[in-house]
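input_31.pdb (PDB, C-alpha atoms)
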ATOM      1  CA  MET A   1     -63.199 214.363  52.452
ATOM      2  CA  PHE A   2     -65.100 211.385  51.093
ATOM      3  CA  SER A   3     -64.084 211.851  47.549
ATOM      4  CA  SER A   4     -61.488 209.471  46.239
ATOM      5  CA  VAL A   5     -57.887 210.000  47.236
ATOM      6  CA  ARG A   6     -54.660 209.110  45.519
ATOM      7  CA  VAL A   7     -52.218 206.665  47.020
ATOM      8  CA  ASN A   8     -48.674 206.284  45.772
ATOM      9  CA  PRO A   9     -46.789 203.011  46.132
ATOM     10  CA  ILE A  10     -43.758 203.410  48.427
ATOM     11  CA  GLY A  11     -42.042 200.317  47.056
ATOM     12  CA  ILE A  12     -42.320 196.902  45.439
ATOM     13  CA  ILE A  13     -42.608 193.455  46.995
ATOM     14  CA  HIS A  14     -40.439 190.856  45.269
ATOM     15  CA  SER A  15     -41.502 187.257  45.837
ATOM     16  CA  PRO A  16     -40.921 183.832  44.297
ATOM     17  CA  PHE A  17     -44.562 183.696  43.139
ATOM     18  CA  ARG A  18     -45.059 184.646  39.523
ATOM     19  CA  ARG A  19     -48.643 183.460  39.219
ATOM     20  CA  ARG A  20     -51.642 183.891  41.465
ATOM     21  CA  GLU A  21     -52.313 180.161  41.612
ATOM     22  CA  ASP A  22     -48.851 179.525  43.115
ATOM     23  CA  THR A  23     -49.267 182.066  45.887
ATOM     24  CA  PRO A  24     -49.939 180.849  49.462
ATOM     25  CA  ILE A  25     -53.219 182.084  50.861
ATOM     26  CA  GLN A  26     -51.824 183.406  54.146
ATOM     27  CA  PRO A  27     -48.370 184.253  55.549
ATOM     28  CA  ARG A  28     -48.470 181.433  58.112
ATOM     29  CA  ARG A  29     -48.839 178.958  55.267
ATOM     30  CA  SER A  30     -45.714 180.318  53.638
ATOM     31  CA  THR A  31     -42.040 179.878  54.416
ATOM     32  CA  ALA A  32     -41.089 181.773  51.294
ATOM     33  CA  ILE A  33     -38.453 184.469  51.429
ATOM     34  CA  GLY A  34     -39.151 187.779  49.737
ATOM     35  CA  GLU A  35     -37.582 191.187  49.396
ATOM     36  CA  VAL A  36     -39.454 194.332  50.199
ATOM     37  CA  GLU A  37     -37.887 197.123  48.177
ATOM     38  CA  VAL A  38     -38.752 200.516  49.601
ATOM     39  CA  PHE A  39     -38.060 203.319  47.150
ATOM     40  CA  LYS A  40     -34.895 205.242  48.063
ATOM     41  CA  LYS A  41     -36.812 208.450  48.790
ATOM     42  CA  TYR A  42     -38.521 206.694  51.721
ATOM     43  CA  GLN A  43     -35.467 204.843  53.056
ATOM     44  CA  GLU A  44     -35.003 207.112  56.083
ATOM     45  CA  GLY A  45     -38.448 206.004  57.292
ATOM     46  CA  LEU A  46     -37.084 202.457  57.790
ATOM     47  CA  GLU A  47     -34.758 203.439  60.642
ATOM     48  CA  ASP A  48     -35.357 201.515  63.886
ATOM     49  CA  ILE A  49     -37.355 198.816  62.110
ATOM     50  CA  GLU A  50     -34.640 196.172  62.669
ATOM     51  CA  GLY A  51     -35.712 195.773  66.290
ATOM     52  CA  PHE A  52     -39.036 194.310  65.271
ATOM     53  CA  SER A  53     -39.208 190.595  64.501
ATOM     54  CA  HIS A  54     -42.336 191.040  62.377
ATOM     55  CA  VAL A  55     -43.809 193.805  60.269
ATOM     56  CA  ILE A  56     -47.208 194.430  58.710
ATOM     57  CA  LEU A  57     -47.129 195.002  54.968
ATOM     58  CA  ILE A  58     -50.006 196.921  53.402
ATOM     59  CA  TYR A  59     -50.186 196.558  49.656
ATOM     60  CA  ARG A  60     -52.321 196.681  46.566
ATOM     61  CA  PHE A  61     -53.780 193.508  45.047
ATOM     62  CA  HIS A  62     -52.749 194.878  41.674
ATOM     63  CA  MET A  63     -53.770 191.757  39.730
ATOM     64  CA  SER A  64     -57.396 192.099  40.886
ATOM     65  CA  LYS A  65     -59.591 194.122  38.610
ATOM     66  CA  GLY A  66     -62.789 195.435  40.137
ATOM     67  CA  TYR A  67     -64.503 193.770  43.074
ATOM     68  CA  ARG A  68     -67.381 191.532  44.088
ATOM     69  CA  LEU A  69     -69.473 191.935  47.244
ATOM     70  CA  LYS A  70     -70.011 188.182  47.591
ATOM     71  CA  VAL A  71     -67.058 185.868  47.062
ATOM     72  CA  LYS A  72     -66.332 182.178  47.433
ATOM     73  CA  PRO A  73     -63.250 182.076  49.681
ATOM     74  CA  PHE A  74     -60.493 179.538  49.160
ATOM     75  CA  LEU A  75     -61.339 177.903  52.498
ATOM     76  CA  ASP A  76     -65.078 177.577  51.863
ATOM     77  CA  ASP A  77     -67.567 176.494  49.232
ATOM     78  CA  GLN A  78     -70.244 179.076  50.033
ATOM     79  CA  LEU A  79     -70.528 182.675  48.961
ATOM     80  CA  ARG A  80     -69.576 185.059  51.781
ATOM     81  CA  GLY A  81     -69.674 188.814  52.141
ATOM     82  CA  VAL A  82     -66.312 190.064  50.902
ATOM     83  CA  PHE A  83     -65.636 192.003  54.148
ATOM     84  CA  ALA A  84     -65.936 188.707  56.058
ATOM     85  CA  THR A  85     -63.054 187.343  53.935
ATOM     86  CA  ARG A  86     -59.504 188.262  52.960
ATOM     87  CA  ALA A  87     -60.263 187.804  49.254
ATOM     88  CA  PRO A  88     -58.319 190.092  46.895
ATOM     89  CA  ARG A  89     -61.275 191.170  44.697
ATOM     90  CA  ARG A  90     -62.471 193.752  47.208
ATOM     91  CA  PRO A  91     -63.183 197.467  47.089
ATOM     92  CA  ASN A  92     -59.865 199.367  47.132
ATOM     93  CA  GLN A  93     -58.001 196.047  46.605
ATOM     94  CA  THR A  94     -55.964 196.514  49.772
ATOM     95  CA  GLY A  95     -54.128 193.563  51.320
ATOM     96  CA  ILE A  96     -52.280 193.140  54.609
ATOM     97  CA  SER A  97     -49.774 190.479  55.640
ATOM     98  CA  VAL A  98     -47.677 190.021  58.759
ATOM     99  CA  VAL A  99     -44.223 188.724  57.813
ATOM    100  CA  ARG A 100     -41.033 187.974  59.673
ATOM    101  CA  LEU A 101     -38.270 190.540  59.235
ATOM    102  CA  LEU A 102     -34.975 188.738  58.677
ATOM    103  CA  LYS A 103     -32.775 191.744  57.913
ATOM    104  CA  ARG A 104     -32.614 195.227  56.476
ATOM    105  CA  GLU A 105     -29.940 196.405  54.079
ATOM    106  CA  GLU A 106     -30.446 200.069  53.270
ATOM    107  CA  ASN A 107     -33.822 200.214  51.525
ATOM    108  CA  ILE A 108     -34.324 196.448  51.214
ATOM    109  CA  LEU A 109     -36.072 194.307  53.824
ATOM    110  CA  THR A 110     -35.617 190.552  53.545
ATOM    111  CA  VAL A 111     -38.731 188.887  54.936
ATOM    112  CA  LYS A 112     -40.007 185.374  55.528
ATOM    113  CA  GLY A 113     -43.567 184.174  55.063
ATOM    114  CA  ILE A 114     -44.343 186.218  52.009
ATOM    115  CA  ASP A 115     -47.710 185.410  50.426
ATOM    116  CA  VAL A 116     -48.087 187.910  47.610
ATOM    117  CA  ILE A 117     -47.361 187.778  43.936
ATOM    118  CA  ASP A 118     -44.051 189.125  42.629
ATOM    119  CA  GLY A 119     -44.187 192.820  41.805
ATOM    120  CA  THR A 120     -46.925 193.747  44.269
ATOM    121  CA  PRO A 121     -47.039 197.517  44.928
ATOM    122  CA  LEU A 122     -46.310 198.332  48.574
ATOM    123  CA  LEU A 123     -48.375 201.068  50.266
ATOM    124  CA  ASP A 124     -47.160 201.039  53.884
ATOM    125  CA  ILE A 125     -45.130 199.175  56.508
ATOM    126  CA  LYS A 126     -46.022 199.127  60.199
ATOM    127  CA  PRO A 127     -44.383 197.361  63.143
ATOM    128  CA  TYR A 128     -46.242 194.265  64.310
ATOM    129  CA  VAL A 129     -47.034 194.679  68.008
ATOM    130  CA  PRO A 130     -49.189 191.923  69.577
ATOM    131  CA  ASP A 131     -49.958 194.191  72.534
ATOM    132  CA  PHE A 132     -51.931 196.428  70.184
ATOM    133  CA  ASP A 133     -54.221 193.517  69.304
ATOM    134  CA  PRO A 134     -57.168 192.358  71.429
ATOM    135  CA  ASP A 135     -56.649 190.181  74.480
ATOM    136  CA  GLU A 136     -60.285 189.105  74.639
ATOM    137  CA  LYS A 137     -61.917 185.882  73.530
ATOM    138  CA  ILE A 138     -61.914 185.681  69.738
ATOM    139  CA  THR A 139     -64.475 184.038  67.463
ATOM    140  CA  ILE A 140     -63.866 183.589  63.758
ATOM    141  CA  GLY A 141     -67.285 182.996  62.223
ATOM    142  CA  TRP A 142     -67.421 180.869  59.081
ATOM    143  CA  LEU A 143     -63.673 180.161  59.358
ATOM    144  CA  GLU A 144     -64.176 178.146  62.562
ATOM    145  CA  GLY A 145     -62.842 174.630  61.984
ATOM    146  CA  LYS A 146     -61.543 175.444  58.503
ATOM    147  CA  ILE A 147     -58.017 176.624  59.352
TER
ATOM    148  CA  MET B   1     -48.471 199.621  37.831
ATOM    149  CA  PHE B   2     -46.450 201.842  40.162
ATOM    150  CA  SER B   3     -48.197 205.019  39.295
ATOM    151  CA  SER B   4     -50.596 206.350  41.876
ATOM    152  CA  VAL B   5     -53.980 204.708  42.222
ATOM    153  CA  ARG B   6     -57.297 206.052  43.413
ATOM    154  CA  VAL B   7     -58.995 204.693  46.499
ATOM    155  CA  ASN B   8     -62.606 205.428  47.327
ATOM    156  CA  PRO B   9     -63.840 205.422  50.913
ATOM    157  CA  ILE B  10     -66.415 202.657  51.487
ATOM    158  CA  GLY B  11     -67.855 204.324  54.581
ATOM    159  CA  ILE B  12     -67.343 206.613  57.557
ATOM    160  CA  ILE B  13     -66.215 205.822  61.099
ATOM    161  CA  HIS B  14     -68.245 207.655  63.732
ATOM    162  CA  SER B  15     -66.539 207.979  67.105
ATOM    163  CA  PRO B  16     -66.863 210.048  70.268
ATOM    164  CA  PHE B  17     -63.535 211.756  69.530
ATOM    165  CA  ARG B  18     -63.878 215.162  67.937
ATOM    166  CA  ARG B  19     -60.272 216.245  68.357
ATOM    167  CA  ARG B  20     -57.011 214.451  67.752
ATOM    168  CA  GLU B  21     -55.757 215.161  71.268
ATOM    169  CA  ASP B  22     -58.748 213.287  72.786
ATOM    170  CA  THR B  23     -58.194 210.156  70.695
ATOM    171  CA  PRO B  24     -56.690 207.055  72.339
ATOM    172  CA  ILE B  25     -53.444 205.956  70.767
ATOM    173  CA  GLN B  26     -54.381 202.306  70.279
ATOM    174  CA  PRO B  27     -57.596 200.234  70.344
ATOM    175  CA  ARG B  28     -56.555 198.324  73.475
ATOM    176  CA  ARG B  29     -56.336 201.617  75.339
ATOM    177  CA  SER B  30     -59.892 202.442  74.338
ATOM    178  CA  THR B  31     -63.251 201.194  75.583
ATOM    179  CA  ALA B  32     -65.058 203.705  73.410
ATOM    180  CA  ILE B  33     -68.018 202.628  71.321
ATOM    181  CA  GLY B  34     -68.157 203.729  67.702
ATOM    182  CA  GLU B  35     -70.292 203.150  64.646
ATOM    183  CA  VAL B  36     -68.820 202.049  61.379
ATOM    184  CA  GLU B  37     -71.158 203.207  58.638
ATOM    185  CA  VAL B  38     -70.584 201.303  55.432
ATOM    186  CA  PHE B  39     -72.156 203.019  52.439
ATOM    187  CA  LYS B  40     -75.361 201.276  51.325
ATOM    188  CA  LYS B  41     -73.874 200.249  47.992
ATOM    189  CA  TYR B  42     -71.387 198.004  49.842
ATOM    190  CA  GLN B  43     -73.815 196.605  52.436
ATOM    191  CA  GLU B  44     -74.036 193.152  50.823
ATOM    192  CA  GLY B  45     -70.295 192.735  51.445
ATOM    193  CA  LEU B  46     -70.963 192.731  55.217
ATOM    194  CA  GLU B  47     -72.839 189.422  55.168
ATOM    195  CA  ASP B  48     -71.334 186.751  57.456
ATOM    196  CA  ILE B  49     -69.324 189.311  59.394
ATOM    197  CA  GLU B  50     -71.430 188.881  62.557
ATOM    198  CA  GLY B  51     -69.653 185.597  63.331
ATOM    199  CA  PHE B  52     -66.387 187.398  63.964
ATOM    200  CA  SER B  53     -65.776 188.903  67.386
ATOM    201  CA  HIS B  54     -63.210 191.361  66.019
ATOM    202  CA  VAL B  55     -62.613 193.083  62.724
ATOM    203  CA  ILE B  56     -59.715 195.006  61.220
ATOM    204  CA  LEU B  57     -60.589 198.514  60.059
ATOM    205  CA  ILE B  58     -58.400 200.094  57.395
ATOM    206  CA  TYR B  59     -58.874 203.822  57.112
ATOM    207  CA  ARG B  60     -57.406 207.126  56.073
ATOM    208  CA  PHE B  61     -55.785 209.441  58.622
ATOM    209  CA  HIS B  62     -57.640 212.296  56.934
ATOM    210  CA  MET B  63     -56.522 214.933  59.453
ATOM    211  CA  SER B  64     -52.843 214.325  58.626
ATOM    212  CA  LYS B  65     -51.453 216.477  55.880
ATOM    213  CA  GLY B  66     -48.290 215.230  54.242
ATOM    214  CA  TYR B  67     -45.811 212.978  56.022
ATOM    215  CA  ARG B  68     -42.466 212.889  57.798
ATOM    216  CA  LEU B  69     -39.917 210.095  57.537
ATOM    217  CA  LYS B  70     -38.737 210.574  61.141
ATOM    218  CA  VAL B  71     -41.334 211.079  63.833
ATOM    219  CA  LYS B  72     -41.381 211.324  67.603
ATOM    220  CA  PRO B  73     -43.931 208.685  68.657
ATOM    221  CA  PHE B  74     -46.308 209.250  71.564
ATOM    222  CA  LEU B  75     -44.584 206.455  73.529
ATOM    223  CA  ASP B  76     -41.042 207.729  73.021
ATOM    224  CA  ASP B  77     -38.956 210.879  73.174
ATOM    225  CA  GLN B  78     -36.605 210.024  70.304
ATOM    226  CA  LEU B  79     -37.103 210.399  66.593
ATOM    227  CA  ARG B  80     -37.891 207.059  64.917
ATOM    228  CA  GLY B  81     -38.297 205.993  61.317
ATOM    229  CA  VAL B  82     -41.986 206.414  60.533
ATOM    230  CA  PHE B  83     -42.330 202.786  59.334
ATOM    231  CA  ALA B  84     -41.163 201.631  62.779
ATOM    232  CA  THR B  85     -44.134 203.504  64.291
ATOM    233  CA  ARG B  86     -47.896 203.700  63.901
ATOM    234  CA  ALA B  87     -47.795 207.502  63.598
ATOM    235  CA  PRO B  88     -50.485 209.029  61.353
ATOM    236  CA  ARG B  89     -48.206 211.404  59.413
ATOM    237  CA  ARG B  90     -46.975 208.664  57.074
ATOM    238  CA  PRO B  91     -46.898 208.163  53.330
ATOM    239  CA  ASN B  92     -50.410 207.245  52.134
ATOM    240  CA  GLN B  93     -51.803 208.104  55.621
ATOM    241  CA  THR B  94     -53.240 204.628  56.073
ATOM    242  CA  GLY B  95     -54.258 203.421  59.530
ATOM    243  CA  ILE B  96     -55.372 200.011  60.821
ATOM    244  CA  SER B  97     -57.181 199.147  64.060
ATOM    245  CA  VAL B  98     -58.553 195.890  65.406
ATOM    246  CA  VAL B  99     -61.879 196.524  67.158
ATOM    247  CA  ARG B 100     -64.499 194.368  68.803
ATOM    248  CA  LEU B 101     -67.668 193.857  66.765
ATOM    249  CA  LEU B 102     -70.695 194.226  69.038
ATOM    250  CA  LYS B 103     -73.432 194.043  66.421
ATOM    251  CA  ARG B 104     -74.423 194.732  62.854
ATOM    252  CA  GLU B 105     -77.644 196.404  61.810
ATOM    253  CA  GLU B 106     -77.882 196.530  58.029
ATOM    254  CA  ASN B 107     -74.958 198.720  56.969
ATOM    255  CA  ILE B 108     -73.936 199.849  60.463
ATOM    256  CA  LEU B 109     -71.403 198.020  62.639
ATOM    257  CA  THR B 110     -71.311 198.942  66.311
ATOM    258  CA  VAL B 111     -67.773 198.413  67.569
ATOM    259  CA  LYS B 112     -65.857 198.728  70.815
ATOM    260  CA  GLY B 113     -62.308 199.957  71.232
ATOM    261  CA  ILE B 114     -62.456 202.640  68.588
ATOM    262  CA  ASP B 115     -59.378 204.859  68.496
ATOM    263  CA  VAL B 116     -59.927 207.150  65.538
ATOM    264  CA  ILE B 117     -61.306 210.629  65.190
ATOM    265  CA  ASP B 118     -64.984 211.103  64.303
ATOM    266  CA  GLY B 119     -65.584 211.215  60.566
ATOM    267  CA  THR B 120     -62.613 209.076  59.547
ATOM    268  CA  PRO B 121     -62.957 207.714  55.988
ATOM    269  CA  LEU B 122     -63.104 203.906  55.935
ATOM    270  CA  LEU B 123     -61.215 202.060  53.191
ATOM    271  CA  ASP B 124     -61.712 198.372  54.038
ATOM    272  CA  ILE B 125     -62.889 195.890  56.660
ATOM    273  CA  LYS B 126     -61.322 192.454  57.143
ATOM    274  CA  PRO B 127     -62.075 189.693  59.641
ATOM    275  CA  TYR B 128     -59.552 189.459  62.479
ATOM    276  CA  VAL B 129     -58.143 185.921  62.529
ATOM    277  CA  PRO B 130     -55.345 185.290  65.055
ATOM    278  CA  ASP B 131     -54.367 182.111  63.202
ATOM    279  CA  PHE B 132     -53.267 184.263  60.279
ATOM    280  CA  ASP B 133     -50.759 186.049  62.527
ATOM    281  CA  PRO B 134     -47.320 184.694  63.437
ATOM    282  CA  ASP B 135     -46.908 182.063  66.156
ATOM    283  CA  GLU B 136     -43.187 182.686  66.535
ATOM    284  CA  LYS B 137     -41.299 184.639  69.163
ATOM    285  CA  ILE B 138     -42.003 188.350  68.728
ATOM    286  CA  THR B 139     -39.699 191.275  69.453
ATOM    287  CA  ILE B 140     -40.914 194.862  69.393
ATOM    288  CA  GLY B 141     -37.789 196.996  69.074
ATOM    289  CA  TRP B 142     -37.914 200.478  70.581
ATOM    290  CA  LEU B 143     -41.365 199.756  72.022
ATOM    291  CA  GLU B 144     -39.961 197.136  74.428
ATOM    292  CA  GLY B 145     -40.808 198.152  77.968
ATOM    293  CA  LYS B 146     -42.868 201.143  76.852
ATOM    294  CA  ILE B 147     -46.307 199.565  76.526
TER
END
Show how you would write the structure in this file as structure tokens.
Amino acid sequence: MFSSVRVNPIGIIHSPFRRREDTPIQPRRSTAIGEVEVFKKYQEGLEDIEGFSHVILIYRFHMSKGYRLKVKPFLDDQLRGVFATRAPRRPNQTGISVVRLLKREENILTVKGIDVIDGTPLLDIKPYVPDFDPDEKITIGWLEGKI
Amino acid sequence: MFSSVRVNPIGIIHSPFRRREDTPIQPRRSTAIGEVEVFKKYQEGLEDIEGFSHVILIYRFHMSKGYRLKVKPFLDDQLRGVFATRAPRRPNQTGISVVRLLKREENILTVKGIDVIDGTPLLDIKPYVPDFDPDEKITIGWLEGKI
């Protein structure tokens, strides 16, 4: 149960960003348009997704090799625990982004606000539903005042 | 690059829910307290996390075997594309939940609003930062009126 498990990409994220240094650090800082190509064998799983204005992409930071437990985030000049950041060099190299869904054509989603490098392997798509998120007071630790 | 990759659990989520049928369907429907045990080797990565009121848990739906591309969600009586739902029987069986962080003691996070079954393998933890989410008008497709 706690041994490693295999995950298989379900698609590829196409974006205008060819290099890491050109890539926006969060979706809200990006107006870039991208295409989420879901492999044909999974296309049926995209039905009903058009009703959602935003979707959550879960993907692999495939350009990151290995991980560090303390990282210097883009928005800070101090080392922070990696789980208190969204840095890519993390165990399991898993990233998430909420993007705006502009349209679906068969197995291709056109999205706005993409913030990943071209060719990123896609692991999952979920509908973005604000009602599933907390409605309590939020604090954001070391990020306070930096966004 | 698009071959399968291995992921290794970084910890275990302990919850009061021993059976799937007892488990709340979303964190906001849960006031349950759980403990997120991060394996000791990753403990240093938890530094600075205490400042955040909420964290995103990424985990494996380890009780789900295989997947279906059309599923009947808990909140609906029609079949929907699995990527338009949060159903567990999905490719790569990856789940995400935003929970409230009550405290950290060394490698243990005590959290509120847990909605996963006891023993769930943890893959990642990220800080929850509302400013990283969209500030546009949101629509929620088939879920409209059902939450």
Under the PyMOL selection byres ((chain B and resi 102) around 7), which residues of this model are included? Write them out as a ChimeraX atom specification.
/B:100-101,103,110-112
Go ahead and save the picked residues with C-alpha atoms, as a CSV table (one decimal), in the coordinates of the input.
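Produced file result.csv, reproduced below:
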chain,number,residue,atom,x,y,z
B,100,ARG,CA,-64.5,194.4,68.8
B,101,LEU,CA,-67.7,193.9,66.8
B,103,LYS,CA,-73.4,194.0,66.4
B,110,THR,CA,-71.3,198.9,66.3
B,111,VAL,CA,-67.8,198.4,67.6
B,112,LYS,CA,-65.9,198.7,70.8
Inset, instruction - Tell me which of B:Asp135, B:Met63, B:Glu105, B:Gly119 sits closest to Glu21 in chain B, counting all atoms listed in the file. - result: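 Closest to Glu21 in chain B of all the choices is B:Met63.
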Check: CA of Ile125 in chain A to CA of Val82 in chain A: how many Å, to one decimal?
Finding: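 We find that CA of Ile125 in chain A and CA of Val82 in chain A lie 23.7 Å from each other.
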Coordinates of chain A after Cα superposition on chain B, as a compact mmCIF listing (two decimals) with C-alpha atoms, in the frame of the given file:
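Saved file result-v6.txt follows:
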# COMPACT_ATOMS: atom_id res chain seq x y z
CA MET A 1 -48.53 199.67 37.87
CA PHE A 2 -46.47 201.87 40.17
CA SER A 3 -48.20 205.05 39.32
CA SER A 4 -50.59 206.37 41.90
CA VAL A 5 -53.98 204.74 42.24
CA ARG A 6 -57.29 206.07 43.42
CA VAL A 7 -58.99 204.71 46.50
CA ASN A 8 -62.60 205.44 47.33
CA PRO A 9 -63.84 205.44 50.92
CA ILE A 10 -66.41 202.66 51.48
CA GLY A 11 -67.85 204.32 54.58
CA ILE A 12 -67.35 206.60 57.56
CA ILE A 13 -66.23 205.81 61.10
CA HIS A 14 -68.25 207.65 63.74
CA SER A 15 -66.55 207.97 67.12
CA PRO A 16 -66.86 210.04 70.29
CA PHE A 17 -63.53 211.76 69.54
CA ARG A 18 -63.88 215.16 67.93
CA ARG A 19 -60.28 216.24 68.35
CA ARG A 20 -57.02 214.46 67.74
CA GLU A 21 -55.75 215.15 71.25
CA ASP A 22 -58.72 213.28 72.76
CA THR A 23 -58.20 210.16 70.68
CA PRO A 24 -56.68 207.04 72.32
CA ILE A 25 -53.43 205.96 70.74
CA GLN A 26 -54.37 202.30 70.27
CA PRO A 27 -57.58 200.24 70.33
CA ARG A 28 -56.56 198.33 73.46
CA ARG A 29 -56.35 201.62 75.32
CA SER A 30 -59.90 202.44 74.33
CA THR A 31 -63.25 201.20 75.58
CA ALA A 32 -65.06 203.70 73.41
CA ILE A 33 -68.01 202.63 71.32
CA GLY A 34 -68.17 203.73 67.70
CA GLU A 35 -70.29 203.14 64.64
CA VAL A 36 -68.82 202.05 61.38
CA GLU A 37 -71.16 203.21 58.64
CA VAL A 38 -70.59 201.30 55.43
CA PHE A 39 -72.16 203.02 52.44
CA LYS A 40 -75.36 201.26 51.33
CA LYS A 41 -73.87 200.23 47.98
CA TYR A 42 -71.38 198.01 49.84
CA GLN A 43 -73.80 196.60 52.43
CA GLU A 44 -74.03 193.15 50.82
CA GLY A 45 -70.29 192.74 51.44
CA LEU A 46 -70.96 192.74 55.21
CA GLU A 47 -72.83 189.42 55.17
CA ASP A 48 -71.34 186.75 57.46
CA ILE A 49 -69.31 189.31 59.40
CA GLU A 50 -71.42 188.86 62.56
CA GLY A 51 -69.63 185.60 63.35
CA PHE A 52 -66.38 187.39 63.97
CA SER A 53 -65.77 188.89 67.40
CA HIS A 54 -63.21 191.35 66.03
CA VAL A 55 -62.61 193.08 62.73
CA ILE A 56 -59.71 195.00 61.22
CA LEU A 57 -60.59 198.50 60.06
CA ILE A 58 -58.39 200.09 57.40
CA TYR A 59 -58.87 203.82 57.10
CA ARG A 60 -57.40 207.12 56.07
CA PHE A 61 -55.78 209.44 58.62
CA HIS A 62 -57.63 212.28 56.93
CA MET A 63 -56.52 214.93 59.43
CA SER A 64 -52.84 214.31 58.61
CA LYS A 65 -51.46 216.47 55.86
CA GLY A 66 -48.28 215.23 54.24
CA TYR A 67 -45.80 212.98 56.01
CA ARG A 68 -42.46 212.89 57.80
CA LEU A 69 -39.90 210.09 57.53
CA LYS A 70 -38.73 210.57 61.12
CA VAL A 71 -41.33 211.07 63.83
CA LYS A 72 -41.38 211.32 67.60
CA PRO A 73 -43.93 208.68 68.66
CA PHE A 74 -46.30 209.25 71.55
CA LEU A 75 -44.59 206.47 73.52
CA ASP A 76 -41.04 207.74 73.02
CA ASP A 77 -38.95 210.88 73.17
CA GLN A 78 -36.61 210.02 70.30
CA LEU A 79 -37.10 210.40 66.58
CA ARG A 80 -37.87 207.06 64.92
CA GLY A 81 -38.29 205.99 61.32
CA VAL A 82 -41.98 206.42 60.55
CA PHE A 83 -42.33 202.79 59.33
CA ALA A 84 -41.16 201.63 62.78
CA THR A 85 -44.14 203.50 64.30
CA ARG A 86 -47.91 203.71 63.92
CA ALA A 87 -47.80 207.50 63.61
CA PRO A 88 -50.49 209.03 61.37
CA ARG A 89 -48.21 211.41 59.40
CA ARG A 90 -46.98 208.67 57.09
CA PRO A 91 -46.90 208.17 53.34
CA ASN A 92 -50.41 207.23 52.14
CA GLN A 93 -51.79 208.10 55.62
CA THR A 94 -53.24 204.62 56.07
CA GLY A 95 -54.26 203.41 59.53
CA ILE A 96 -55.37 200.02 60.83
CA SER A 97 -57.18 199.15 64.05
CA VAL A 98 -58.56 195.89 65.41
CA VAL A 99 -61.88 196.52 67.16
CA ARG A 100 -64.50 194.37 68.80
CA LEU A 101 -67.67 193.85 66.76
CA LEU A 102 -70.68 194.23 69.04
CA LYS A 103 -73.43 194.04 66.42
CA ARG A 104 -74.41 194.72 62.84
CA GLU A 105 -77.64 196.39 61.81
CA GLU A 106 -77.87 196.54 58.03
CA ASN A 107 -74.95 198.73 56.97
CA ILE A 108 -73.93 199.84 60.47
CA LEU A 109 -71.41 198.01 62.64
CA THR A 110 -71.31 198.94 66.31
CA VAL A 111 -67.77 198.41 67.57
CA LYS A 112 -65.87 198.73 70.82
CA GLY A 113 -62.32 199.97 71.24
CA ILE A 114 -62.46 202.65 68.61
CA ASP A 115 -59.37 204.87 68.49
CA VAL A 116 -59.93 207.16 65.53
CA ILE A 117 -61.31 210.63 65.19
CA ASP A 118 -64.98 211.11 64.30
CA GLY A 119 -65.58 211.21 60.56
CA THR A 120 -62.61 209.07 59.55
CA PRO A 121 -62.96 207.72 55.99
CA LEU A 122 -63.11 203.91 55.94
CA LEU A 123 -61.22 202.06 53.18
CA ASP A 124 -61.71 198.38 54.04
CA ILE A 125 -62.89 195.88 56.66
CA LYS A 126 -61.32 192.46 57.14
CA PRO A 127 -62.07 189.70 59.65
CA TYR A 128 -59.56 189.46 62.49
CA VAL A 129 -58.16 185.93 62.55
CA PRO A 130 -55.35 185.29 65.07
CA ASP A 131 -54.40 182.10 63.21
CA PHE A 132 -53.28 184.25 60.29
CA ASP A 133 -50.77 186.03 62.53
CA PRO A 134 -47.33 184.66 63.44
CA ASP A 135 -46.91 182.05 66.15
CA GLU A 136 -43.19 182.68 66.53
CA LYS A 137 -41.31 184.64 69.16
CA ILE A 138 -42.00 188.35 68.73
CA THR A 139 -39.69 191.27 69.46
CA ILE A 140 -40.91 194.85 69.40
CA GLY A 141 -37.79 196.99 69.07
CA TRP A 142 -37.92 200.47 70.59
CA LEU A 143 -41.39 199.75 72.03
CA GLU A 144 -39.98 197.13 74.41
CA GLY A 145 -40.83 198.16 77.97
CA LYS A 146 -42.87 201.17 76.85
CA ILE A 147 -46.32 199.56 76.52
For Lys137 in chain A, the closest of B:Phe52, B:Tyr59, B:Ile108, B:Pro91 counting only C-alpha atoms is B:Phe52
message = Could you check which residues have any atom within 12 Å of (-61.8, 210.1, 72.5), counting all atoms listed in the file with coordinates taken straight from the file, and then list them as a list in words?
response =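 It turns out the residues near that spot are His14, Ser15, Pro16, Phe17, Arg18, Arg19, Arg20, Glu21, Asp22, Thr23, Pro24, Ile25, Gln26, Pro27, Arg29, Ser30, Thr31, Ala32, Ile33, Gly34, Gly113, Ile114, Asp115, Val116, Ile117 and Asp118 of chain B.
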Q: For chain A, list the residues within 7 Å of chain B, counting all atoms listed in the file, and write the list as a ChimeraX atom specification.
A: /A:2-9,26-28,42,44-49,51-54,69-70,80-86,92,98,121,123,125-127,129,132-134,138-142
With distances taken over only C-alpha atoms, the candidate from B:Leu109, B:Arg104, B:Ser64, B:Arg89 nearest Glu35 in chain B is B:Leu109
